[in-house]
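What follows is a single structure, written as structure tokens, with notes after it.
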Amino acid sequence: MSVRLGDVAPDFSAETTQGSIQFHAWKGSGWAVLFSHPKDFTPVCTTELGAAAALKSEFDKRHCKLIGLSVDSVESHLRWEGDIKDVTGHQVNFPMIGDPDRAVANLYDMIHPNASDTMTVRSVFVIGPDHKVKLTLTYPASTGRNFQELLRVIDSLQLTSGYSVSTPADWKPGDDVIIAPALSDAEATEKFPKGFDTKKPYLRMTPQPDR
Ligand code: BEZ
């Protein structure tokens with residue numbers, strides 16, 4: 001079953017490198033990034049886990065927990081964490097789900113048989129406080145993900161969940177944002193006291209409202 005935007009992220013129980021969890025209870029009322037990697041003791045995955053660990057404090061600032069997964073066991077993950085520290089300098093500082101029976105991988109459709117019968121693809125699910133899926137990404141085994149981009153996306157998701165705005169291409173925190181087309185000019189004037197620039201009737205830019 002595929003997990004789509006707006007769906008409630010399926011709940012599950014699992015063994016992790018930091019003990020047993022029930023996913024929704026572990027996530028609590030904050031945000032979470034659940035991401036899969038294809039296999040332990042592989043090169044791209046080693047760099048990814050180090051990169052994610054290096055940015056953990058940035059995810060913390062956004063009230064966002066990280067949790068990794070592969071179809072290897074918790075014991076394997078724990079052995080591999082030593083290599084990740086050696087190579088990247090970063091101790092993995094978030095739980096990694098052991099999923100040798102593929103229960104969670106199947107629940108989240110992380111195995112794409114035309115890519116590999118046995119390994120998970122590089123899936124990412126960003127899940128909001130309401131347990132609903134806000135973003136999905138799927139990368140192949142050969143391409144490592146950009147964890148700074150995940151932070152940028154979470155900044156956009158958190159901003160746009162609180163204001164009637166969306167963020168343009170290549171937006172970075174602090175850049176101007178787009179006023180929701182559903183708002184009339186009168187409503188926009190009231191909601192965005194810093195003013196707005198009407199580039200087209202459907203494209204009105206305003207300074208980021210929470211700064
Ligand atoms: C890697 O992380 O480098 C990798 C993982 C699975 C298959 C091939 C490469």
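Within each chain, counting starts at residue 1; across the structure tokens, chains are named A, B, ... in the order shown, with ligands numbered 1 upward in that order.
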*Contacts of range 84-97 of chain A at 8 Å or less, counting only C-alpha atoms, minus same-chain residues fewer than 4 places along, as a ChimeraX atom specification?*
/A:14-18,46-47,49-51,53-54,56,65-70,73-74,77,80
For chain A versus ligand 1, which residues have an atom no more than 8 Å away, and what is each residue's nearest atom pair and distance in Å rounded to one decimal, using only C-alpha atoms and all ligand atoms, chain-then-number order, as a Markdown table?
| residue | atom | partner | partner_atom_place_in_ligand_line | distance |
| --- | --- | --- | --- | --- |
| A:His37 | CA | ligand 1 | 5 (C) | 7.3 |
| A:Pro38 | CA | ligand 1 | 6 (C) | 4.9 |
| A:Lys39 | CA | ligand 1 | 6 (C) | 5.4 |
| A:Asp40 | CA | ligand 1 | 5 (C) | 7.7 |
| A:Phe41 | CA | ligand 1 | 2 (O) | 7.6 |
| A:Thr42 | CA | ligand 1 | 2 (O) | 4.3 |
| A:Pro43 | CA | ligand 1 | 3 (O) | 3.8 |
| A:Val44 | CA | ligand 1 | 2 (O) | 3.5 |
| A:Cys45 | CA | ligand 1 | 2 (O) | 3.8 |
| A:Thr46 | CA | ligand 1 | 2 (O) | 6.6 |
| A:Met119 | CA | ligand 1 | 6 (C) | 7.3 |
| A:Ala141 | CA | ligand 1 | 6 (C) | 5.1 |
| A:Ser142 | CA | ligand 1 | 9 (C) | 5.7 |
| A:Gly144 | CA | ligand 1 | 2 (O) | 7.7 |
Export of the given selection (N, CA and C atoms) as a PDB file, in the first residue's frame:
ATOM      1  N   HIS A  37      16.961   3.466   4.228  1.00  0.00           N
ATOM      2  CA  HIS A  37      18.158   3.310   3.401  1.00  0.00           C
ATOM      3  C   HIS A  37      18.231   1.849   2.971  1.00  0.00           C
ATOM      4  N   PRO A  38      18.895   1.579   1.863  1.00  0.00           N
ATOM      5  CA  PRO A  38      18.799   0.224   1.303  1.00  0.00           C
ATOM      6  C   PRO A  38      19.451  -0.870   2.143  1.00  0.00           C
ATOM      7  N   LYS A  39      20.603  -0.594   2.722  1.00  0.00           N
ATOM      8  CA  LYS A  39      21.319  -1.712   3.339  1.00  0.00           C
ATOM      9  C   LYS A  39      22.417  -1.168   4.243  1.00  0.00           C
ATOM     10  N   ASP A  40      22.681  -1.868   5.330  1.00  0.00           N
ATOM     11  CA  ASP A  40      23.772  -1.487   6.235  1.00  0.00           C
ATOM     12  C   ASP A  40      25.122  -1.780   5.583  1.00  0.00           C
ATOM     13  N   PHE A  41      26.157  -1.117   6.049  1.00  0.00           N
ATOM     14  CA  PHE A  41      27.537  -1.327   5.576  1.00  0.00           C
ATOM     15  C   PHE A  41      27.653  -1.087   4.075  1.00  0.00           C
ATOM     16  N   THR A  42      26.986  -0.041   3.599  1.00  0.00           N
ATOM     17  CA  THR A  42      27.097   0.353   2.189  1.00  0.00           C
ATOM     18  C   THR A  42      27.547   1.821   2.148  1.00  0.00           C
ATOM     19  N   PRO A  43      28.192   2.223   1.058  1.00  0.00           N
ATOM     20  CA  PRO A  43      28.904   3.512   1.099  1.00  0.00           C
ATOM     21  C   PRO A  43      28.007   4.745   1.163  1.00  0.00           C
ATOM     22  N   VAL A  44      27.042   4.860   0.250  1.00  0.00           N
ATOM     23  CA  VAL A  44      26.219   6.079   0.239  1.00  0.00           C
ATOM     24  C   VAL A  44      25.443   6.188   1.552  1.00  0.00           C
ATOM     25  N   CYS A  45      24.900   5.059   2.001  1.00  0.00           N
ATOM     26  CA  CYS A  45      24.125   5.063   3.252  1.00  0.00           C
ATOM     27  C   CYS A  45      24.986   5.522   4.428  1.00  0.00           C
ATOM     28  N   THR A  46      26.242   5.137   4.451  1.00  0.00           N
ATOM     29  CA  THR A  46      27.148   5.542   5.530  1.00  0.00           C
ATOM     30  C   THR A  46      27.266   7.063   5.564  1.00  0.00           C
ATOM     31  N   MET A 119      15.951  -4.839  -1.159  1.00  0.00           N
ATOM     32  CA  MET A 119      16.371  -3.663  -0.397  1.00  0.00           C
ATOM     33  C   MET A 119      15.307  -2.572  -0.477  1.00  0.00           C
ATOM     34  N   ALA A 141      19.071   3.956  -4.897  1.00  0.00           N
ATOM     35  CA  ALA A 141      20.227   3.602  -4.060  1.00  0.00           C
ATOM     36  C   ALA A 141      21.467   4.402  -4.440  1.00  0.00           C
ATOM     37  N   SER A 142      21.574   4.775  -5.707  1.00  0.00           N
ATOM     38  CA  SER A 142      22.817   5.403  -6.188  1.00  0.00           C
ATOM     39  C   SER A 142      22.932   6.888  -5.842  1.00  0.00           C
ATOM     40  N   GLY A 144      22.586   9.818  -2.960  1.00  0.00           N
ATOM     41  CA  GLY A 144      22.399  10.201  -1.554  1.00  0.00           C
ATOM     42  C   GLY A 144      21.530  11.444  -1.444  1.00  0.00           C
TER      43      GLY A 144
END
*Using the chain letters and numbers from this document, which residues of range 10-143 of chain A does DSSP assign to helix (DSSP H, G or I), as a ChimeraX atom specification?*
/A:23-27,43-54,56-61,74-88,103-107
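Using only C-alpha atoms, the residues found no farther than 9 Å from range 24-26 of chain A, other than those of its own chain fewer than 4 positions away, are A:Ala9, A:Pro10, A:Asp11, A:Phe12, A:His131.
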*What lies within 8 Å of Ser13 in chain A using only C-alpha atoms, ignoring chain neighbours under 4 positions off, as number ranges by chain?*
A: 20-23
*Step one, run DSSP on the backbone; step two, keep only residues of range 59-125 of chain A assigned to strand (DSSP E); then write them as a PyMOL selection string.*
chain A and resi 64-70+96-98+122-125
Would you output that residue set with N, CA, C and O atoms, as a PDB file, in the first residue's frame?
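Output below, filename part03.pdb:
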ATOM      1  N   CYS A  64      11.430  18.342  15.396  1.00  0.00           N
ATOM      2  CA  CYS A  64      11.309  17.257  14.416  1.00  0.00           C
ATOM      3  C   CYS A  64      12.271  16.135  14.789  1.00  0.00           C
ATOM      4  O   CYS A  64      13.485  16.353  14.868  1.00  0.00           O
ATOM      5  N   LYS A  65      11.723  14.948  15.021  1.00  0.00           N
ATOM      6  CA  LYS A  65      12.554  13.785  15.340  1.00  0.00           C
ATOM      7  C   LYS A  65      12.962  13.065  14.054  1.00  0.00           C
ATOM      8  O   LYS A  65      12.205  13.074  13.078  1.00  0.00           O
ATOM      9  N   LEU A  66      14.112  12.432  14.104  1.00  0.00           N
ATOM     10  CA  LEU A  66      14.596  11.622  12.973  1.00  0.00           C
ATOM     11  C   LEU A  66      14.502  10.157  13.357  1.00  0.00           C
ATOM     12  O   LEU A  66      14.789   9.786  14.498  1.00  0.00           O
ATOM     13  N   ILE A  67      14.157   9.317  12.363  1.00  0.00           N
ATOM     14  CA  ILE A  67      14.204   7.876  12.592  1.00  0.00           C
ATOM     15  C   ILE A  67      14.510   7.186  11.264  1.00  0.00           C
ATOM     16  O   ILE A  67      13.872   7.454  10.252  1.00  0.00           O
ATOM     17  N   GLY A  68      15.557   6.357  11.277  1.00  0.00           N
ATOM     18  CA  GLY A  68      15.980   5.644  10.067  1.00  0.00           C
ATOM     19  C   GLY A  68      15.471   4.212  10.065  1.00  0.00           C
ATOM     20  O   GLY A  68      14.981   3.715  11.076  1.00  0.00           O
ATOM     21  N   LEU A  69      15.600   3.569   8.921  1.00  0.00           N
ATOM     22  CA  LEU A  69      15.125   2.183   8.778  1.00  0.00           C
ATOM     23  C   LEU A  69      15.893   1.497   7.664  1.00  0.00           C
ATOM     24  O   LEU A  69      16.178   2.117   6.635  1.00  0.00           O
ATOM     25  N   SER A  70      16.237   0.229   7.891  1.00  0.00           N
ATOM     26  CA  SER A  70      16.531  -0.646   6.753  1.00  0.00           C
ATOM     27  C   SER A  70      16.077  -2.044   7.140  1.00  0.00           C
ATOM     28  O   SER A  70      15.727  -2.293   8.303  1.00  0.00           O
ATOM     29  N   MET A  96      17.381   3.868  14.854  1.00  0.00           N
ATOM     30  CA  MET A  96      17.337   3.195  13.551  1.00  0.00           C
ATOM     31  C   MET A  96      16.496   1.930  13.740  1.00  0.00           C
ATOM     32  O   MET A  96      16.799   1.095  14.607  1.00  0.00           O
ATOM     33  N   ILE A  97      15.473   1.808  12.938  1.00  0.00           N
ATOM     34  CA  ILE A  97      14.559   0.666  13.039  1.00  0.00           C
ATOM     35  C   ILE A  97      15.196  -0.563  12.379  1.00  0.00           C
ATOM     36  O   ILE A  97      15.689  -0.472  11.252  1.00  0.00           O
ATOM     37  N   GLY A  98      15.173  -1.681  13.101  1.00  0.00           N
ATOM     38  CA  GLY A  98      15.546  -2.961  12.504  1.00  0.00           C
ATOM     39  C   GLY A  98      14.284  -3.588  11.929  1.00  0.00           C
ATOM     40  O   GLY A  98      13.283  -3.735  12.642  1.00  0.00           O
ATOM     41  N   ARG A 122      15.450   4.672  -1.131  1.00  0.00           N
ATOM     42  CA  ARG A 122      15.681   5.772  -0.183  1.00  0.00           C
ATOM     43  C   ARG A 122      14.391   6.595  -0.079  1.00  0.00           C
ATOM     44  O   ARG A 122      14.197   7.550  -0.821  1.00  0.00           O
ATOM     45  N   SER A 123      13.503   6.161   0.797  1.00  0.00           N
ATOM     46  CA  SER A 123      12.228   6.869   1.013  1.00  0.00           C
ATOM     47  C   SER A 123      12.396   7.902   2.123  1.00  0.00           C
ATOM     48  O   SER A 123      13.171   7.688   3.058  1.00  0.00           O
ATOM     49  N   VAL A 124      11.635   8.977   1.997  1.00  0.00           N
ATOM     50  CA  VAL A 124      11.541   9.961   3.089  1.00  0.00           C
ATOM     51  C   VAL A 124      10.065  10.279   3.295  1.00  0.00           C
ATOM     52  O   VAL A 124       9.349  10.547   2.321  1.00  0.00           O
ATOM     53  N   PHE A 125       9.641  10.260   4.536  1.00  0.00           N
ATOM     54  CA  PHE A 125       8.295  10.710   4.902  1.00  0.00           C
ATOM     55  C   PHE A 125       8.462  11.785   5.977  1.00  0.00           C
ATOM     56  O   PHE A 125       9.051  11.521   7.032  1.00  0.00           O
TER      57      PHE A 125
END
_Contacts of range 175-186 of chain A at 9 Å (only C-alpha atoms; same-chain gap of 4+ positions) as a list in words_ = Tyr163, Ser164, Val165, Ser166, Thr167, Pro168, Trp171, Glu190, Lys191, Phe192, Phe196, Pro201, Tyr202, Leu203, Arg204, Met205, Thr206, Pro207, Gln208 and Pro209 of chain A
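Using only C-alpha atoms, the residues found no farther than 9 Å from Lys134 in chain A, other than those of its own chain fewer than 4 positions away, are Arg4, Leu5, Gly6, Asp7, Phe125, Val126, Ile127, Gly128 and Leu157 of chain A.
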*If you measure from CA of Leu34 in chain A to CA of Leu135 in chain A, what distance in Å do you get, rounded to one decimal?*
10.6 Å
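Distances from A:Pro173, A:Tyr108, A:Ser2, A:Asp83 to Thr160 in chain A were compared using only C-alpha atoms, and the smallest one belongs to A:Pro173.
Each of A:Arg62, A:Gly19, A:Asp155, A:Phe35 was compared to Asp109 in chain A using only C-alpha atoms, and A:Phe35 turns out to be the nearest.
Closest approach to Trp31 in chain A among A:Lys199, A:Lys132, A:His112, A:Arg145: A:Lys132, based on only C-alpha atoms.
Going from CA of Val71 in chain A to CA of Arg102 in chain A covers 5.8 Å.
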